[in-house]
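First the structure, in the form of structure tokens, and then the observations on it.
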2 protein chains.
Amino acid sequence: MRFCNQCGHLVEQLIPAGDDRMRYVCTQCHTIHYQNPRMIVGCLPVSGDRVLLCRRAISPRHGFWTLPAGFLENGETTQQGAERETWEEAHAKVANSTLYRVFDLPHIDQIYMFYRADLVGESYGPGTESLEVELFREEDIPWQELAFPVVFEALREFFDDRRSGNYPVRASGLPDNWNNWLRPAEQALTDAD
Amino acid sequence: MRFCNQCGHLVEQLIPAGDDRMRYVCTQCHTIHYQNPRMIVGCLPVSGDRVLLCRRAISPRHGFWTLPAGFLENGETTQQGAERETWEEAHAKVANSTLYRVFDLPHIDQIYMFYRADLVGESYGPGTESLEVELFREEDIPWQELAFPVVFEALREFFDDRRSGNYPVRASGLPDNWNNWLRPAEQALTDAD
């Protein structure tokens with residue numbers, strides 16, 4: 001950020017009175033421009049023993065598999081955003097969406113929220129941001145070709161939970177050792193995320 | 001928003017190619033300025049059968065009681081943000097924080113996340129944004145003097161859950177009828193929120 005979006009004058013970085021961290025502040029109108037984390041919302045669409053994944057047609061991680069997810073928009077709920085992204089990326093409708101996983105990614109100023117949901121029917125297909133969309137059983141998940149660590153972790157937890165039939169809502173960062181599980185893809189994932 | 005924060009030229013509102021909603025776009029450098037919901041994180045600090053509330057020293061809702069909460073900052077996890085706000089507003093330390101309640105407030109582009117937590121010791125007091133800080137039993141909660149509907153609802157649910165000993169994580173908007181419960185304070189709450 002170099003300019004004030006209110007008056008167009010230069011901004012500077014300083015700690016405002018009563019605050020304790022650096023902010024962009026306009027040199028002319030003194031507006032403080034706070035910067036806050038962004039939320040990414042998505043679904044884990046389930047059909048029987050299978051989960052719906054999308055192969056990305058966009059960067060980062062073009063060609064890798066992901067859960068349908070994207071930035072939460074103003075004016076929508078997290079559930080609405082998760083279902084909208086599922087429609088846009090996988091042309092899939094879901095029902096019974098329930099909050100399942102919150103991931104904190106403070107190193108990139110993002111919070112992920114995944115809803116677990118039932119795929120409605122067997123109708124799905126690639127939206128403009130996907131190359132293909134497919135249902136996968138646990139043993140068929142392309143674990144080495146997943147786009148992001150949060151997708152790997154959410155899927156791993158889901159199939160574990162499925163064995164117990166108990167799906168607790170979890171909120172945390174990635175496990176400290178997540179990159180040990182992904183040795184071949186480690187560098188690519190680190191680069192992208 | 002009137003000016004591009006990258007180059008200082010005027011922005012205009014238009015639907016970018018491949019998008020489906022209006023965005024602010026720079027007329028000169030064509031940067032798209034996305035606007036996304038902000039997250040507010042806080043704690044519901046518990047000590048035995050009592051909950052810690054802060055009386056607000058700032059607007060909106062100056063003088064009304066609230067749970068310690070504030071905007072999530074870049075570079076922190078939601079739990080860290082919730083605990084930081086609890087320290088800043090109530091000078092209280094908590095332990096065993098666990099995600100308890102997510103509120104969608106799409107009409108004001110906010111997502112709230114409350115962590116349920118154990119108050120450590122009996123040490124607390126007003127930070128600069130609080131007039132006073134106090135522990136309340138359920139029967140002593142100032143229900144008609146709560147600052148925001150999300151605080152009312154989180155406290156109501158918490159004391160209900162406490163009777164069953166089961167604290168499910170909930171994610172939703174406010175109940176459709178929330179303002180029926182708050183007749184005397186309804187207008188003030190609507191104005192503020």
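Chain labels follow the order of the structure tokens: the first chain is A, the next B, and so on; residue numbering restarts at 1 in every chain, and ligands are counted from 1 in their shown order.
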Hey, what's within 9 Å of region 93-103 of chain B if we count only C-alpha atoms and toss same-chain stuff fewer than 5 positions away? As a ChimeraX atom specification, please? /A:77,169-171 /B:43-46,79,82-84,86-87,110-121,123-124,150,154,158,167-174
Would you give me, as JSON lines, each residue of chain B having an atom within 6 Å of an atom of chain A, along with its shortest atom pair and that distance in Å to one decimal, using only C-alpha atoms and sorting by chain and residue number?
```
{"residue": "B:Met1", "atom": "CA", "partner": "A:Asn5", "partner_atom": "CA", "distance": 5.3}
{"residue": "B:Arg2", "atom": "CA", "partner": "A:Gln6", "partner_atom": "CA", "distance": 5.5}
{"residue": "B:Phe3", "atom": "CA", "partner": "A:Asn5", "partner_atom": "CA", "distance": 4.3}
{"residue": "B:Cys4", "atom": "CA", "partner": "A:Asn5", "partner_atom": "CA", "distance": 5.6}
{"residue": "B:Asn5", "atom": "CA", "partner": "A:Phe3", "partner_atom": "CA", "distance": 4.3}
{"residue": "B:Gln6", "atom": "CA", "partner": "A:Arg2", "partner_atom": "CA", "distance": 5.5}
{"residue": "B:Gly8", "atom": "CA", "partner": "A:Gly8", "partner_atom": "CA", "distance": 5.1}
{"residue": "B:Asn36", "atom": "CA", "partner": "A:Asn74", "partner_atom": "CA", "distance": 5.3}
{"residue": "B:Pro37", "atom": "CA", "partner": "A:Asn74", "partner_atom": "CA", "distance": 5.3}
{"residue": "B:Glu73", "atom": "CA", "partner": "A:Asn36", "partner_atom": "CA", "distance": 5.4}
{"residue": "B:Asn74", "atom": "CA", "partner": "A:Asp109", "partner_atom": "CA", "distance": 5.2}
{"residue": "B:Gly75", "atom": "CA", "partner": "A:Pro106", "partner_atom": "CA", "distance": 4.4}
{"residue": "B:Glu76", "atom": "CA", "partner": "A:Pro106", "partner_atom": "CA", "distance": 5.0}
{"residue": "B:Thr77", "atom": "CA", "partner": "A:Asp104", "partner_atom": "CA", "distance": 5.3}
{"residue": "B:Asp104", "atom": "CA", "partner": "A:Thr77", "partner_atom": "CA", "distance": 5.3}
{"residue": "B:Pro106", "atom": "CA", "partner": "A:Gly75", "partner_atom": "CA", "distance": 4.4}
{"residue": "B:His107", "atom": "CA", "partner": "A:Gly75", "partner_atom": "CA", "distance": 5.8}
{"residue": "B:Asp109", "atom": "CA", "partner": "A:Asn74", "partner_atom": "CA", "distance": 5.2}
```
Generate the output file for the selected residues, N, CA, C and O atoms, as a compact mmCIF listing (two decimals), in the first residue's frame.
```
# COMPACT_ATOMS: atom_id res chain seq x y z
N MET B 1 -14.24 3.77 -1.01
CA MET B 1 -12.96 3.75 -1.70
C MET B 1 -13.04 4.60 -2.96
O MET B 1 -13.94 4.41 -3.77
N ARG B 2 -12.10 5.54 -3.10
CA ARG B 2 -12.11 6.42 -4.27
C ARG B 2 -10.81 6.32 -5.07
O ARG B 2 -10.81 6.58 -6.28
N PHE B 3 -9.71 5.96 -4.39
CA PHE B 3 -8.41 5.96 -5.06
C PHE B 3 -7.72 4.60 -4.92
O PHE B 3 -7.94 3.88 -3.95
N CYS B 4 -6.85 4.31 -5.89
CA CYS B 4 -6.07 3.07 -5.87
C CYS B 4 -4.95 3.20 -4.85
O CYS B 4 -4.17 4.17 -4.90
N ASN B 5 -4.85 2.24 -3.93
CA ASN B 5 -3.79 2.35 -2.92
C ASN B 5 -2.41 1.93 -3.45
O ASN B 5 -1.42 2.06 -2.75
N GLN B 6 -2.38 1.44 -4.68
CA GLN B 6 -1.11 1.07 -5.30
C GLN B 6 -0.49 2.23 -6.09
O GLN B 6 0.70 2.48 -6.00
N GLY B 8 -2.48 5.45 -6.72
CA GLY B 8 -3.03 6.76 -6.36
C GLY B 8 -4.02 7.32 -7.36
O GLY B 8 -4.57 8.41 -7.14
N ASN B 36 -13.35 -7.89 1.61
CA ASN B 36 -13.79 -9.15 2.21
C ASN B 36 -14.21 -8.94 3.66
O ASN B 36 -13.80 -7.97 4.29
N PRO B 37 -15.01 -9.87 4.19
CA PRO B 37 -15.46 -9.74 5.58
C PRO B 37 -14.27 -9.74 6.55
O PRO B 37 -13.21 -10.29 6.26
N GLU B 73 -5.97 -9.78 14.02
CA GLU B 73 -4.86 -9.09 13.36
C GLU B 73 -4.11 -10.04 12.43
O GLU B 73 -4.10 -11.26 12.65
N ASN B 74 -3.46 -9.48 11.42
CA ASN B 74 -2.57 -10.28 10.59
C ASN B 74 -1.50 -10.95 11.48
O ASN B 74 -1.07 -10.38 12.48
N GLY B 75 -1.11 -12.16 11.11
CA GLY B 75 0.00 -12.82 11.77
C GLY B 75 -0.35 -13.55 13.05
O GLY B 75 0.54 -14.06 13.73
N GLU B 76 -1.62 -13.61 13.42
CA GLU B 76 -1.99 -14.35 14.62
C GLU B 76 -3.05 -15.39 14.30
O GLU B 76 -3.80 -15.25 13.33
N THR B 77 -3.14 -16.42 15.16
CA THR B 77 -4.20 -17.40 15.02
C THR B 77 -5.46 -16.84 15.68
O THR B 77 -5.40 -15.88 16.47
N ASP B 104 -22.17 -15.72 11.91
CA ASP B 104 -22.13 -15.01 10.63
C ASP B 104 -22.98 -13.77 10.74
O ASP B 104 -24.17 -13.85 11.08
N PRO B 106 -23.64 -11.35 8.01
CA PRO B 106 -23.40 -10.90 6.63
C PRO B 106 -23.88 -9.47 6.37
O PRO B 106 -23.37 -8.83 5.46
N HIS B 107 -24.83 -8.98 7.17
CA HIS B 107 -25.35 -7.63 6.94
C HIS B 107 -24.32 -6.56 7.28
O HIS B 107 -24.45 -5.40 6.88
N ASP B 109 -20.84 -7.61 7.20
CA ASP B 109 -19.59 -8.17 6.69
C ASP B 109 -18.62 -8.55 7.81
O ASP B 109 -17.41 -8.24 7.75
```
Excluding same-chain residues fewer than 6 positions from Asp140 (chain A), what lies within 12 Å of it counting only C-alpha atoms, as a list of chain:residue names? A:Asp49, A:Arg50, A:Val51, A:Leu52, A:Leu53, A:Glu134, A:Leu155
Selection to disk with N, CA, C and O atoms, as a PDB file, in the first residue's frame:
```pdb
ATOM      1  N   ASP A  49     -19.025 -43.368   0.530  1.00  0.00           N
ATOM      2  CA  ASP A  49     -17.652 -43.442   1.062  1.00  0.00           C
ATOM      3  C   ASP A  49     -16.673 -42.632   0.210  1.00  0.00           C
ATOM      4  O   ASP A  49     -15.471 -42.827   0.303  1.00  0.00           O
ATOM      5  N   ARG A  50     -17.225 -41.718  -0.582  1.00  0.00           N
ATOM      6  CA  ARG A  50     -16.362 -40.944  -1.479  1.00  0.00           C
ATOM      7  C   ARG A  50     -16.472 -39.431  -1.214  1.00  0.00           C
ATOM      8  O   ARG A  50     -17.500 -38.943  -0.737  1.00  0.00           O
ATOM      9  N   VAL A  51     -15.397 -38.719  -1.566  1.00  0.00           N
ATOM     10  CA  VAL A  51     -15.299 -37.267  -1.377  1.00  0.00           C
ATOM     11  C   VAL A  51     -15.030 -36.616  -2.727  1.00  0.00           C
ATOM     12  O   VAL A  51     -14.271 -37.149  -3.543  1.00  0.00           O
ATOM     13  N   LEU A  52     -15.648 -35.448  -2.934  1.00  0.00           N
ATOM     14  CA  LEU A  52     -15.527 -34.766  -4.229  1.00  0.00           C
ATOM     15  C   LEU A  52     -14.323 -33.822  -4.225  1.00  0.00           C
ATOM     16  O   LEU A  52     -14.217 -32.932  -3.372  1.00  0.00           O
ATOM     17  N   LEU A  53     -13.442 -34.006  -5.181  1.00  0.00           N
ATOM     18  CA  LEU A  53     -12.278 -33.125  -5.326  1.00  0.00           C
ATOM     19  C   LEU A  53     -12.262 -32.490  -6.715  1.00  0.00           C
ATOM     20  O   LEU A  53     -12.816 -33.045  -7.663  1.00  0.00           O
ATOM     21  N   GLU A 134     -13.915 -35.057  -9.523  1.00  0.00           N
ATOM     22  CA  GLU A 134     -14.119 -36.501  -9.360  1.00  0.00           C
ATOM     23  C   GLU A 134     -14.395 -36.866  -7.918  1.00  0.00           C
ATOM     24  O   GLU A 134     -13.898 -36.214  -6.999  1.00  0.00           O
ATOM     25  N   LEU A 155      -8.720 -33.909   4.726  1.00  0.00           N
ATOM     26  CA  LEU A 155      -9.099 -35.233   4.206  1.00  0.00           C
ATOM     27  C   LEU A 155      -8.610 -36.353   5.129  1.00  0.00           C
ATOM     28  O   LEU A 155      -9.334 -37.313   5.401  1.00  0.00           O
TER      29      LEU A 155
END
```
Using Å and a single decimal, report how far CA of Pro175 (chain B) sits from CA of Glu85 (chain A). 24.6 Å
Nearest candidate to Glu139 (chain B) (options B:Gln28, B:Phe159, B:Gly127, B:Pro68; using only C-alpha atoms): B:Phe159
DSSP says strand (DSSP E) for which residues of chain A? Put them as number ranges by chain? A: 11-14, 23-26, 32-33, 38-47, 50-56, 65-66, 69-71, 94-105, 110-119, 130-137, 170-172
Run DSSP on the backbone and grab whatever in chain B lands in alpha helix (DSSP H); send it over as number ranges by chain. B: 78-90, 149-164, 186-192
Quick one: distance from CA of Leu67 (chain B) to CA of Thr31 (chain A) in Å, one decimal?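 Pair CA of Leu67 (chain B) / CA of Thr31 (chain A) returns 27.6 Å.
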